[in-house]
>>> print(open('query39.pdb').read())   # PDB, C-alpha atoms, pLDDT in the B column
ATOM      1  CA  GLN A  13      44.745 129.174 124.565  1.00 62.00           C
ATOM      2  CA  LYS A  14      44.691 128.039 120.956  1.00 69.00           C
ATOM      3  CA  GLU A  15      47.097 125.241 120.187  1.00 89.00           C
ATOM      4  CA  VAL A  16      48.379 126.754 116.957  1.00 94.00           C
ATOM      5  CA  GLU A  17      48.136 130.479 116.384  1.00 95.00           C
ATOM      6  CA  GLN A  18      48.658 132.505 113.271  1.00 95.00           C
ATOM      7  CA  ASN A  19      48.033 136.110 112.391  1.00 87.00           C
ATOM      8  CA  SER A  20      44.975 135.915 110.145  1.00 80.00           C
ATOM      9  CA  GLY A  21      46.127 138.874 108.081  1.00 83.00           C
ATOM     10  CA  PRO A  22      45.550 139.847 105.429  1.00 92.00           C
ATOM     11  CA  LEU A  23      49.212 140.330 104.694  1.00 96.00           C
ATOM     12  CA  SER A  24      49.953 142.335 101.574  1.00 97.00           C
ATOM     13  CA  VAL A  25      53.372 142.545  99.956  1.00 97.00           C
ATOM     14  CA  PRO A  26      54.488 143.946  96.607  1.00 98.00           C
ATOM     15  CA  GLU A  27      55.648 141.601  93.899  1.00 98.00           C
ATOM     16  CA  GLY A  28      59.298 140.678  94.347  1.00 98.00           C
ATOM     17  CA  ALA A  29      59.329 141.355  98.093  1.00 98.00           C
ATOM     18  CA  ILE A  30      59.834 138.869 100.921  1.00 98.00           C
ATOM     19  CA  ALA A  31      56.675 137.660 102.641  1.00 97.00           C
ATOM     20  CA  SER A  32      57.108 136.564 106.253  1.00 97.00           C
ATOM     21  CA  LEU A  33      54.491 134.349 107.876  1.00 97.00           C
ATOM     22  CA  ASN A  34      54.594 133.382 111.535  1.00 97.00           C
ATOM     23  CA  CYS A  35      53.077 130.683 113.692  1.00 97.00           C
ATOM     24  CA  THR A  36      53.279 129.832 117.400  1.00 96.00           C
ATOM     25  CA  TYR A  37      52.274 126.603 119.079  1.00 94.00           C
ATOM     26  CA  SER A  38      51.439 125.605 122.612  1.00 92.00           C
ATOM     27  CA  ASP A  39      52.811 122.075 123.061  1.00 87.00           C
ATOM     28  CA  ARG A  40      56.517 122.188 123.811  1.00 87.00           C
ATOM     29  CA  GLY A  41      56.830 118.516 122.895  1.00 85.00           C
ATOM     30  CA  SER A  42      55.634 119.020 119.306  1.00 87.00           C
ATOM     31  CA  GLN A  43      57.693 117.056 116.848  1.00 84.00           C
ATOM     32  CA  SER A  44      57.001 118.167 113.315  1.00 90.00           C
ATOM     33  CA  PHE A  45      55.852 121.308 111.582  1.00 94.00           C
ATOM     34  CA  PHE A  46      54.267 121.943 108.237  1.00 95.00           C
ATOM     35  CA  TRP A  47      53.247 124.761 105.965  1.00 97.00           C
ATOM     36  CA  TYR A  48      50.350 124.290 103.579  1.00 98.00           C
ATOM     37  CA  ARG A  49      49.180 126.656 100.880  1.00 98.00           C
ATOM     38  CA  GLN A  50      45.458 126.821 100.211  1.00 98.00           C
ATOM     39  CA  TYR A  51      43.916 128.647  97.294  1.00 97.00           C
ATOM     40  CA  SER A  52      40.321 129.760  97.660  1.00 95.00           C
ATOM     41  CA  GLY A  53      37.951 126.830  97.266  1.00 94.00           C
ATOM     42  CA  LYS A  54      40.782 124.307  97.005  1.00 96.00           C
ATOM     43  CA  SER A  55      42.334 121.837  99.419  1.00 97.00           C
ATOM     44  CA  PRO A  56      45.603 122.428 101.318  1.00 98.00           C
ATOM     45  CA  GLU A  57      48.821 121.747  99.423  1.00 97.00           C
ATOM     46  CA  LEU A  58      51.960 120.828 101.361  1.00 96.00           C
ATOM     47  CA  ILE A  59      54.788 123.215 100.530  1.00 97.00           C
ATOM     48  CA  MET A  60      57.282 122.845 103.390  1.00 96.00           C
ATOM     49  CA  PHE A  61      57.970 120.695 106.409  1.00 94.00           C
ATOM     50  CA  ILE A  62      60.612 121.004 109.107  1.00 94.00           C
ATOM     51  CA  TYR A  63      61.521 118.748 112.003  1.00 90.00           C
ATOM     52  CA  SER A  64      64.710 120.255 113.450  1.00 90.00           C
ATOM     53  CA  ASN A  65      65.634 123.658 114.808  1.00 94.00           C
ATOM     54  CA  GLY A  66      67.051 126.039 112.263  1.00 95.00           C
ATOM     55  CA  ASP A  67      66.324 126.881 108.668  1.00 96.00           C
ATOM     56  CA  LYS A  68      65.237 124.716 105.778  1.00 96.00           C
ATOM     57  CA  GLU A  69      65.254 126.104 102.265  1.00 97.00           C
ATOM     58  CA  ASP A  70      63.419 124.864  99.185  1.00 96.00           C
ATOM     59  CA  GLY A  71      63.490 127.149  96.198  1.00 97.00           C
ATOM     60  CA  ARG A  72      61.910 130.474  97.132  1.00 98.00           C
ATOM     61  CA  PHE A  73      60.615 129.091 100.425  1.00 98.00           C
ATOM     62  CA  THR A  74      62.452 128.976 103.754  1.00 98.00           C
ATOM     63  CA  ALA A  75      60.984 127.446 106.873  1.00 97.00           C
ATOM     64  CA  GLN A  76      62.455 128.449 110.227  1.00 98.00           C
ATOM     65  CA  LEU A  77      61.909 126.558 113.467  1.00 97.00           C
ATOM     66  CA  ASN A  78      62.723 127.690 116.994  1.00 96.00           C
ATOM     67  CA  LYS A  79      61.522 125.079 119.470  1.00 94.00           C
ATOM     68  CA  ALA A  80      62.728 127.019 122.521  1.00 94.00           C
ATOM     69  CA  SER A  81      60.476 129.928 121.564  1.00 95.00           C
ATOM     70  CA  GLN A  82      57.798 127.632 120.128  1.00 95.00           C
ATOM     71  CA  TYR A  83      57.494 129.356 116.822  1.00 95.00           C
ATOM     72  CA  VAL A  84      57.827 128.425 113.202  1.00 97.00           C
ATOM     73  CA  SER A  85      57.922 130.798 110.286  1.00 97.00           C
ATOM     74  CA  LEU A  86      57.778 130.718 106.517  1.00 98.00           C
ATOM     75  CA  LEU A  87      59.629 133.151 104.295  1.00 98.00           C
ATOM     76  CA  ILE A  88      58.690 133.516 100.655  1.00 98.00           C
ATOM     77  CA  ARG A  89      61.354 135.290  98.618  1.00 98.00           C
ATOM     78  CA  ASP A  90      60.662 137.094  95.335  1.00 98.00           C
ATOM     79  CA  SER A  91      56.921 136.904  95.994  1.00 98.00           C
ATOM     80  CA  GLN A  92      54.748 136.396  92.929  1.00 98.00           C
ATOM     81  CA  PRO A  93      51.042 137.131  92.422  1.00 97.00           C
ATOM     82  CA  SER A  94      50.542 133.362  92.156  1.00 97.00           C
ATOM     83  CA  ASP A  95      51.665 133.117  95.800  1.00 98.00           C
ATOM     84  CA  SER A  96      48.461 134.897  96.835  1.00 98.00           C
ATOM     85  CA  ALA A  97      46.693 132.324  98.985  1.00 97.00           C
ATOM     86  CA  THR A  98      46.021 131.352 102.579  1.00 97.00           C
ATOM     87  CA  TYR A  99      48.990 129.743 104.310  1.00 98.00           C
ATOM     88  CA  LEU A 100      48.199 127.206 107.001  1.00 98.00           C
ATOM     89  CA  CYS A 101      50.629 126.260 109.738  1.00 97.00           C
ATOM     90  CA  ALA A 102      50.199 122.710 111.029  1.00 96.00           C
ATOM     91  CA  VAL A 103      51.834 121.000 113.982  1.00 94.00           C
ATOM     92  CA  ASN A 104      52.065 117.389 115.057  1.00 88.00           C
ATOM     93  CA  MET A 105      51.386 117.601 118.779  1.00 76.00           C
ATOM     94  CA  ALA A 106      53.254 115.016 120.799  1.00 61.00           C
ATOM     95  CA  LEU A 107      50.564 115.012 123.476  1.00 52.00           C
ATOM     96  CA  THR A 108      48.109 113.123 121.279  1.00 52.00           C
ATOM     97  CA  GLY A 109      50.505 110.271 120.663  1.00 53.00           C
ATOM     98  CA  ALA A 110      49.357 110.207 117.079  1.00 62.00           C
ATOM     99  CA  ASN A 111      50.240 111.889 113.860  1.00 73.00           C
ATOM    100  CA  ASN A 112      47.134 113.944 113.352  1.00 83.00           C
ATOM    101  CA  LEU A 113      47.863 117.584 112.690  1.00 90.00           C
ATOM    102  CA  PHE A 114      46.646 120.658 114.494  1.00 92.00           C
ATOM    103  CA  PHE A 115      46.158 123.606 112.177  1.00 96.00           C
ATOM    104  CA  GLY A 116      46.125 127.323 112.692  1.00 96.00           C
ATOM    105  CA  THR A 117      43.396 129.393 111.103  1.00 96.00           C
ATOM    106  CA  GLY A 118      45.737 130.504 108.340  1.00 96.00           C
ATOM    107  CA  THR A 119      47.246 133.770 107.138  1.00 97.00           C
ATOM    108  CA  ARG A 120      45.870 135.252 103.946  1.00 96.00           C
ATOM    109  CA  LEU A 121      48.657 136.592 101.732  1.00 97.00           C
ATOM    110  CA  THR A 122      48.101 138.971  98.848  1.00 97.00           C
ATOM    111  CA  VAL A 123      50.987 139.754  96.495  1.00 98.00           C
ATOM    112  CA  ILE A 124      50.363 143.017  94.692  1.00 97.00           C
ATOM    113  CA  PRO A 125      51.663 143.184  91.090  1.00 96.00           C
TER     114      PRO A 125
ATOM    115  CA  ASP B  29      47.202 111.046  88.720  1.00 55.00           C
ATOM    116  CA  THR B  30      48.689 109.235  91.724  1.00 75.00           C
ATOM    117  CA  GLY B  31      47.531 111.673  94.405  1.00 94.00           C
ATOM    118  CA  VAL B  32      44.742 111.337  96.932  1.00 97.00           C
ATOM    119  CA  SER B  33      41.317 111.246  95.311  1.00 97.00           C
ATOM    120  CA  GLN B  34      37.918 111.926  96.836  1.00 98.00           C
ATOM    121  CA  ASP B  35      34.414 111.341  95.594  1.00 98.00           C
ATOM    122  CA  PRO B  36      32.082 113.120  95.207  1.00 98.00           C
ATOM    123  CA  ARG B  37      33.607 116.566  94.978  1.00 98.00           C
ATOM    124  CA  HIS B  38      30.345 118.252  95.872  1.00 98.00           C
ATOM    125  CA  LYS B  39      27.277 116.992  97.676  1.00 98.00           C
ATOM    126  CA  ILE B  40      24.046 118.832  98.402  1.00 98.00           C
ATOM    127  CA  THR B  41      21.644 117.043 100.697  1.00 98.00           C
ATOM    128  CA  LYS B  42      18.592 117.799 102.746  1.00 98.00           C
ATOM    129  CA  ARG B  43      18.721 117.824 106.493  1.00 98.00           C
ATOM    130  CA  GLY B  44      18.102 114.394 107.927  1.00 98.00           C
ATOM    131  CA  GLN B  45      19.510 112.479 104.957  1.00 98.00           C
ATOM    132  CA  ASN B  46      22.525 110.198 105.123  1.00 98.00           C
ATOM    133  CA  VAL B  47      25.612 110.855 103.012  1.00 98.00           C
ATOM    134  CA  THR B  48      28.739 108.822 102.305  1.00 98.00           C
ATOM    135  CA  PHE B  49      32.063 110.052 101.015  1.00 98.00           C
ATOM    136  CA  ARG B  50      34.932 108.022  99.599  1.00 98.00           C
ATOM    137  CA  CYS B  51      38.676 108.594  99.775  1.00 98.00           C
ATOM    138  CA  ASP B  52      41.388 106.754  97.853  1.00 97.00           C
ATOM    139  CA  PRO B  53      44.836 107.452  99.336  1.00 96.00           C
ATOM    140  CA  ILE B  54      48.194 107.493  97.613  1.00 93.00           C
ATOM    141  CA  SER B  55      48.810 103.819  96.882  1.00 90.00           C
ATOM    142  CA  GLU B  56      51.837 103.193  99.082  1.00 85.00           C
ATOM    143  CA  HIS B  57      50.485 105.181 102.036  1.00 89.00           C
ATOM    144  CA  ASN B  58      49.352 103.177 105.043  1.00 89.00           C
ATOM    145  CA  ARG B  59      47.845 106.018 107.053  1.00 91.00           C
ATOM    146  CA  LEU B  60      44.641 107.785 106.114  1.00 94.00           C
ATOM    147  CA  TYR B  61      43.107 110.790 107.850  1.00 95.00           C
ATOM    148  CA  TRP B  62      39.798 112.599 107.722  1.00 97.00           C
ATOM    149  CA  TYR B  63      39.546 116.297 108.503  1.00 97.00           C
ATOM    150  CA  ARG B  64      36.745 118.827 108.321  1.00 97.00           C
ATOM    151  CA  GLN B  65      37.200 122.459 107.363  1.00 98.00           C
ATOM    152  CA  THR B  66      34.714 125.281 107.685  1.00 97.00           C
ATOM    153  CA  LEU B  67      35.039 128.747 106.198  1.00 94.00           C
ATOM    154  CA  GLY B  68      37.821 130.793 107.741  1.00 92.00           C
ATOM    155  CA  GLN B  69      39.145 127.928 109.835  1.00 95.00           C
ATOM    156  CA  GLY B  70      41.958 125.472 109.471  1.00 96.00           C
ATOM    157  CA  PRO B  71      41.185 121.784 108.984  1.00 97.00           C
ATOM    158  CA  GLU B  72      40.082 119.961 112.137  1.00 95.00           C
ATOM    159  CA  PHE B  73      41.033 116.348 112.709  1.00 94.00           C
ATOM    160  CA  LEU B  74      38.214 113.801 112.745  1.00 95.00           C
ATOM    161  CA  THR B  75      39.783 110.343 112.647  1.00 94.00           C
ATOM    162  CA  TYR B  76      42.634 108.321 111.235  1.00 91.00           C
ATOM    163  CA  PHE B  77      43.468 104.786 110.165  1.00 93.00           C
ATOM    164  CA  GLN B  78      46.665 102.851 110.038  1.00 90.00           C
ATOM    165  CA  ASN B  79      46.019 100.164 107.465  1.00 91.00           C
ATOM    166  CA  GLU B  80      42.489  98.964 108.299  1.00 92.00           C
ATOM    167  CA  ALA B  81      42.585  99.861 112.001  1.00 92.00           C
ATOM    168  CA  GLN B  82      40.892 103.048 113.155  1.00 91.00           C
ATOM    169  CA  LEU B  83      43.358 104.273 115.761  1.00 88.00           C
ATOM    170  CA  GLU B  84      41.946 107.577 116.907  1.00 87.00           C
ATOM    171  CA  LYS B  85      38.731 109.527 116.769  1.00 89.00           C
ATOM    172  CA  SER B  86      38.261 113.168 117.647  1.00 89.00           C
ATOM    173  CA  ARG B  87      35.576 114.346 120.018  1.00 87.00           C
ATOM    174  CA  LEU B  88      34.236 116.174 116.969  1.00 82.00           C
ATOM    175  CA  LEU B  89      33.221 112.811 115.547  1.00 86.00           C
ATOM    176  CA  SER B  90      29.744 112.413 117.000  1.00 89.00           C
ATOM    177  CA  ASP B  91      27.859 109.124 116.910  1.00 93.00           C
ATOM    178  CA  ARG B  92      26.276 110.234 113.632  1.00 96.00           C
ATOM    179  CA  PHE B  93      29.645 109.924 111.954  1.00 96.00           C
ATOM    180  CA  SER B  94      31.280 106.638 111.066  1.00 96.00           C
ATOM    181  CA  ALA B  95      34.380 105.877 109.082  1.00 96.00           C
ATOM    182  CA  GLU B  96      35.716 102.639 107.684  1.00 96.00           C
ATOM    183  CA  ARG B  97      38.745 101.421 105.819  1.00 96.00           C
ATOM    184  CA  PRO B  98      37.850  97.774 105.317  1.00 90.00           C
ATOM    185  CA  LYS B  99      40.842  96.495 103.380  1.00 87.00           C
ATOM    186  CA  GLY B 100      43.380  99.095 104.307  1.00 85.00           C
ATOM    187  CA  SER B 101      43.000 100.840 100.987  1.00 91.00           C
ATOM    188  CA  PHE B 102      40.117 103.255 100.346  1.00 96.00           C
ATOM    189  CA  SER B 103      38.058 104.714 103.169  1.00 98.00           C
ATOM    190  CA  THR B 104      34.478 105.884 103.533  1.00 98.00           C
ATOM    191  CA  LEU B 105      33.045 108.515 105.845  1.00 98.00           C
ATOM    192  CA  GLU B 106      29.317 108.339 106.488  1.00 98.00           C
ATOM    193  CA  ILE B 107      27.221 111.014 108.146  1.00 98.00           C
ATOM    194  CA  GLN B 108      23.780 109.928 109.286  1.00 97.00           C
ATOM    195  CA  ARG B 109      20.839 112.285 109.844  1.00 97.00           C
ATOM    196  CA  THR B 110      22.743 115.267 108.506  1.00 98.00           C
ATOM    197  CA  GLU B 111      22.350 118.650 110.175  1.00 97.00           C
ATOM    198  CA  GLN B 112      22.991 122.107 108.778  1.00 96.00           C
ATOM    199  CA  GLY B 113      26.033 122.354 111.028  1.00 96.00           C
ATOM    200  CA  ASP B 114      27.593 119.479 109.086  1.00 97.00           C
ATOM    201  CA  SER B 115      28.040 121.750 106.075  1.00 98.00           C
ATOM    202  CA  ALA B 116      31.774 121.911 105.508  1.00 97.00           C
ATOM    203  CA  MET B 117      34.626 120.705 103.326  1.00 98.00           C
ATOM    204  CA  TYR B 118      35.554 117.135 104.223  1.00 98.00           C
ATOM    205  CA  LEU B 119      39.203 116.490 103.535  1.00 98.00           C
ATOM    206  CA  CYS B 120      41.048 113.227 103.317  1.00 98.00           C
ATOM    207  CA  ALA B 121      44.809 112.998 103.679  1.00 96.00           C
ATOM    208  CA  SER B 122      47.273 110.157 103.550  1.00 94.00           C
ATOM    209  CA  SER B 123      50.800 109.559 104.718  1.00 90.00           C
ATOM    210  CA  PHE B 124      53.377 106.826 104.905  1.00 83.00           C
ATOM    211  CA  MET B 125      54.231 105.774 108.408  1.00 74.00           C
ATOM    212  CA  GLY B 126      57.895 104.891 108.391  1.00 69.00           C
ATOM    213  CA  GLY B 127      60.880 106.265 110.205  1.00 61.00           C
ATOM    214  CA  THR B 128      60.264 109.908 111.044  1.00 62.00           C
ATOM    215  CA  SER B 129      58.127 110.700 108.020  1.00 65.00           C
ATOM    216  CA  TYR B 130      54.996 112.592 108.964  1.00 76.00           C
ATOM    217  CA  GLU B 131      54.027 114.429 105.805  1.00 89.00           C
ATOM    218  CA  GLN B 132      50.343 114.307 104.985  1.00 92.00           C
ATOM    219  CA  TYR B 133      49.004 114.957 101.510  1.00 94.00           C
ATOM    220  CA  PHE B 134      45.446 116.084 101.013  1.00 97.00           C
ATOM    221  CA  GLY B 135      42.885 115.150  98.423  1.00 98.00           C
ATOM    222  CA  PRO B 136      40.692 117.737  96.692  1.00 98.00           C
ATOM    223  CA  GLY B 137      37.976 117.465  99.341  1.00 98.00           C
ATOM    224  CA  THR B 138      34.243 116.899  99.304  1.00 98.00           C
ATOM    225  CA  ARG B 139      32.173 120.011  99.849  1.00 98.00           C
ATOM    226  CA  LEU B 140      28.963 119.169 101.699  1.00 98.00           C
ATOM    227  CA  THR B 141      26.011 121.519 101.786  1.00 98.00           C
ATOM    228  CA  VAL B 142      23.074 120.581 104.012  1.00 98.00           C
ATOM    229  CA  THR B 143      19.897 122.478 103.211  1.00 97.00           C
TER     230      THR B 143
END
>>> encode(input="query39.pdb", output="structure tokens")
Amino acid sequence: QKEVEQNSGPLSVPEGAIASLNCTYSDRGSQSFFWYRQYSGKSPELIMFIYSNGDKEDGRFTAQLNKASQYVSLLIRDSQPSDSATYLCAVNMALTGANNLFFGTGTRLTVIP
Amino acid sequence: DTGVSQDPRHKITKRGQNVTFRCDPISEHNRLYWYRQTLGQGPEFLTYFQNEAQLEKSRLLSDRFSAERPKGSFSTLEIQRTEQGDSAMYLCASSFMGGTSYEQYFGPGTRLTVT
């Protein structure tokens, strides 16, 4: 079983729509959760982090965490073509005792103008 | 620019050669991480430092790989006797260890091609 799983996509949404990206993780003791955006050929860019159950909003982005169900999601409202990228979910697994992150393989999002 | 910097950005080397990469973290960050990313995969953890101490190494980090952070500032990652399977993007990230802050910020990466 993979430690962090994401639907690889591609996910296509029209401009202005809501894009919904999902991620599940295996370690119930995981402490912190991150979403990174990665454009082709570039390095990951941190866009959201969440540590507590519930929703966290930042501009057009909302991260949602449900520890009981072991999933974290990212909603992108009013999607723009510039949002087209691969979105990586990353989790800090408590079992390692360290702060290194475990990443999913990413979901490729395409926003169609 | 006060972000994480990495040098070089691209490196092409022949199999069997040694290569060394450098990472300069965000100045106030005391933790520094190395990851490796191959096409279509998420970054995979290699090793991390808190100040100058190397606290954890992944099983991915074979004995051909060595990392240092001698003064708790910049870090180097050396790969000896490179193999074609070492071709990847090598990413450095840094974070500030304090309270419950765990956010890691990545540098632009070094893309290694082994021919």
>>> interface_residues(input="query39.pdb", of="chain A", to="chain B", cutoff="8 Å", atoms="all atoms listed in the file", output="NGL selection string")
:A and (44 or 46 or 54-58 or 61 or 100 or 110-118)
>>> atom_distance(input="query39.pdb", atom1="atom CA of B:Phe77", atom2="atom CA of B:Lys42")
29.0 Å
>>> resolve_selection(input="query39.pdb", expression="the PyMOL selection byres ((chain B and resi 38) around 8)", output="number ranges by chain")
B: 36-37, 39-40, 138-140
>>> atom_distance(input="query39.pdb", atom1="atom CA of A:Ala29", atom2="atom CA of A:Thr74")
14.0 Å
>>> atom_distance(input="query39.pdb", atom1="atom CA of A:Ile124", atom2="atom CA of A:Glu17")
25.2 Å
>>> residues_near_point(input="query39.pdb", point="(62.0, 133.2, 98.8)", cutoff="12 Å", atoms="only C-alpha atoms", output="PyMOL selection string")
chain A and resi 27-33+68-75+86-92+95
>>> residues_around(input="query39.pdb", residues="A:Arg40", least_positions_apart="6", cutoff="8 Å", atoms="only C-alpha atoms", output="ChimeraX atom specification")
/A:79-80,82
>>> axis_aligned_box(input="query39.pdb", around="stretch 19-23 of chain A", padding_each_side="8 Å", output="lines of an AutoDock Vina configuration file")
center_x = 47.1
center_y = 138.1
center_z = 108.5
size_x = 20.2
size_y = 20.4
size_z = 23.7
>>> residues_around(input="query39.pdb", residues="B:Thr110", least_positions_apart="2", cutoff="7 Å", atoms="only C-alpha atoms", output="list of chain:residue names")
B:Arg43, B:Gly44, B:Gln45, B:Asn46, B:Ile107, B:Gln108, B:Gln112, B:Asp114, B:Val142
>>> decode(input="query39.pdb", residues="stretch 77-93 of chain B", atoms="N, CA and C atoms", output="PDB file, in the first residue's frame")
ATOM      1  N   PHE B  77      19.201  17.507   7.596  1.00  0.00           N
ATOM      2  CA  PHE B  77      20.092  18.055   8.608  1.00  0.00           C
ATOM      3  C   PHE B  77      19.321  18.999   9.510  1.00  0.00           C
ATOM      4  N   GLN B  78      19.651  18.953  10.778  1.00  0.00           N
ATOM      5  CA  GLN B  78      19.247  20.023  11.674  1.00  0.00           C
ATOM      6  C   GLN B  78      20.530  20.697  12.102  1.00  0.00           C
ATOM      7  N   ASN B  79      20.665  21.958  11.740  1.00  0.00           N
ATOM      8  CA  ASN B  79      21.951  22.651  11.862  1.00  0.00           C
ATOM      9  C   ASN B  79      23.006  21.825  11.115  1.00  0.00           C
ATOM     10  N   GLU B  80      24.110  21.459  11.757  1.00  0.00           N
ATOM     11  CA  GLU B  80      25.135  20.713  11.024  1.00  0.00           C
ATOM     12  C   GLU B  80      24.996  19.200  11.173  1.00  0.00           C
ATOM     13  N   ALA B  81      24.065  18.749  11.988  1.00  0.00           N
ATOM     14  CA  ALA B  81      23.915  17.317  12.246  1.00  0.00           C
ATOM     15  C   ALA B  81      23.007  16.656  11.221  1.00  0.00           C
ATOM     16  N   GLN B  82      23.500  15.579  10.624  1.00  0.00           N
ATOM     17  CA  GLN B  82      22.686  14.790   9.704  1.00  0.00           C
ATOM     18  C   GLN B  82      21.876  13.810  10.548  1.00  0.00           C
ATOM     19  N   LEU B  83      20.567  14.019  10.610  1.00  0.00           N
ATOM     20  CA  LEU B  83      19.740  13.281  11.552  1.00  0.00           C
ATOM     21  C   LEU B  83      19.077  12.045  10.965  1.00  0.00           C
ATOM     22  N   GLU B  84      18.887  12.018   9.671  1.00  0.00           N
ATOM     23  CA  GLU B  84      18.235  10.853   9.089  1.00  0.00           C
ATOM     24  C   GLU B  84      18.659  10.688   7.647  1.00  0.00           C
ATOM     25  N   LYS B  85      18.807   9.432   7.264  1.00  0.00           N
ATOM     26  CA  LYS B  85      19.119   9.104   5.877  1.00  0.00           C
ATOM     27  C   LYS B  85      18.155   8.037   5.399  1.00  0.00           C
ATOM     28  N   SER B  86      17.651   8.212   4.203  1.00  0.00           N
ATOM     29  CA  SER B  86      16.758   7.229   3.606  1.00  0.00           C
ATOM     30  C   SER B  86      17.549   6.019   3.127  1.00  0.00           C
ATOM     31  N   ARG B  87      16.836   4.915   2.996  1.00  0.00           N
ATOM     32  CA  ARG B  87      17.463   3.724   2.407  1.00  0.00           C
ATOM     33  C   ARG B  87      17.821   3.964   0.943  1.00  0.00           C
ATOM     34  N   LEU B  88      17.205   4.989   0.355  1.00  0.00           N
ATOM     35  CA  LEU B  88      17.538   5.337  -1.031  1.00  0.00           C
ATOM     36  C   LEU B  88      18.958   5.858  -1.149  1.00  0.00           C
ATOM     37  N   LEU B  89      19.492   6.354  -0.042  1.00  0.00           N
ATOM     38  CA  LEU B  89      20.812   6.977  -0.059  1.00  0.00           C
ATOM     39  C   LEU B  89      21.870   5.893   0.059  1.00  0.00           C
ATOM     40  N   SER B  90      22.305   5.395  -1.110  1.00  0.00           N
ATOM     41  CA  SER B  90      23.308   4.324  -1.104  1.00  0.00           C
ATOM     42  C   SER B  90      24.657   4.884  -0.656  1.00  0.00           C
ATOM     43  N   ASP B  91      25.641   3.974  -0.529  1.00  0.00           N
ATOM     44  CA  ASP B  91      26.949   4.417  -0.048  1.00  0.00           C
ATOM     45  C   ASP B  91      27.679   5.267  -1.081  1.00  0.00           C
ATOM     46  N   ARG B  92      27.118   5.399  -2.269  1.00  0.00           N
ATOM     47  CA  ARG B  92      27.731   6.304  -3.258  1.00  0.00           C
ATOM     48  C   ARG B  92      27.329   7.759  -3.029  1.00  0.00           C
ATOM     49  N   PHE B  93      26.348   7.946  -2.191  1.00  0.00           N
ATOM     50  CA  PHE B  93      25.841   9.283  -1.912  1.00  0.00           C
ATOM     51  C   PHE B  93      26.365   9.745  -0.552  1.00  0.00           C
TER      52      PHE B  93
END
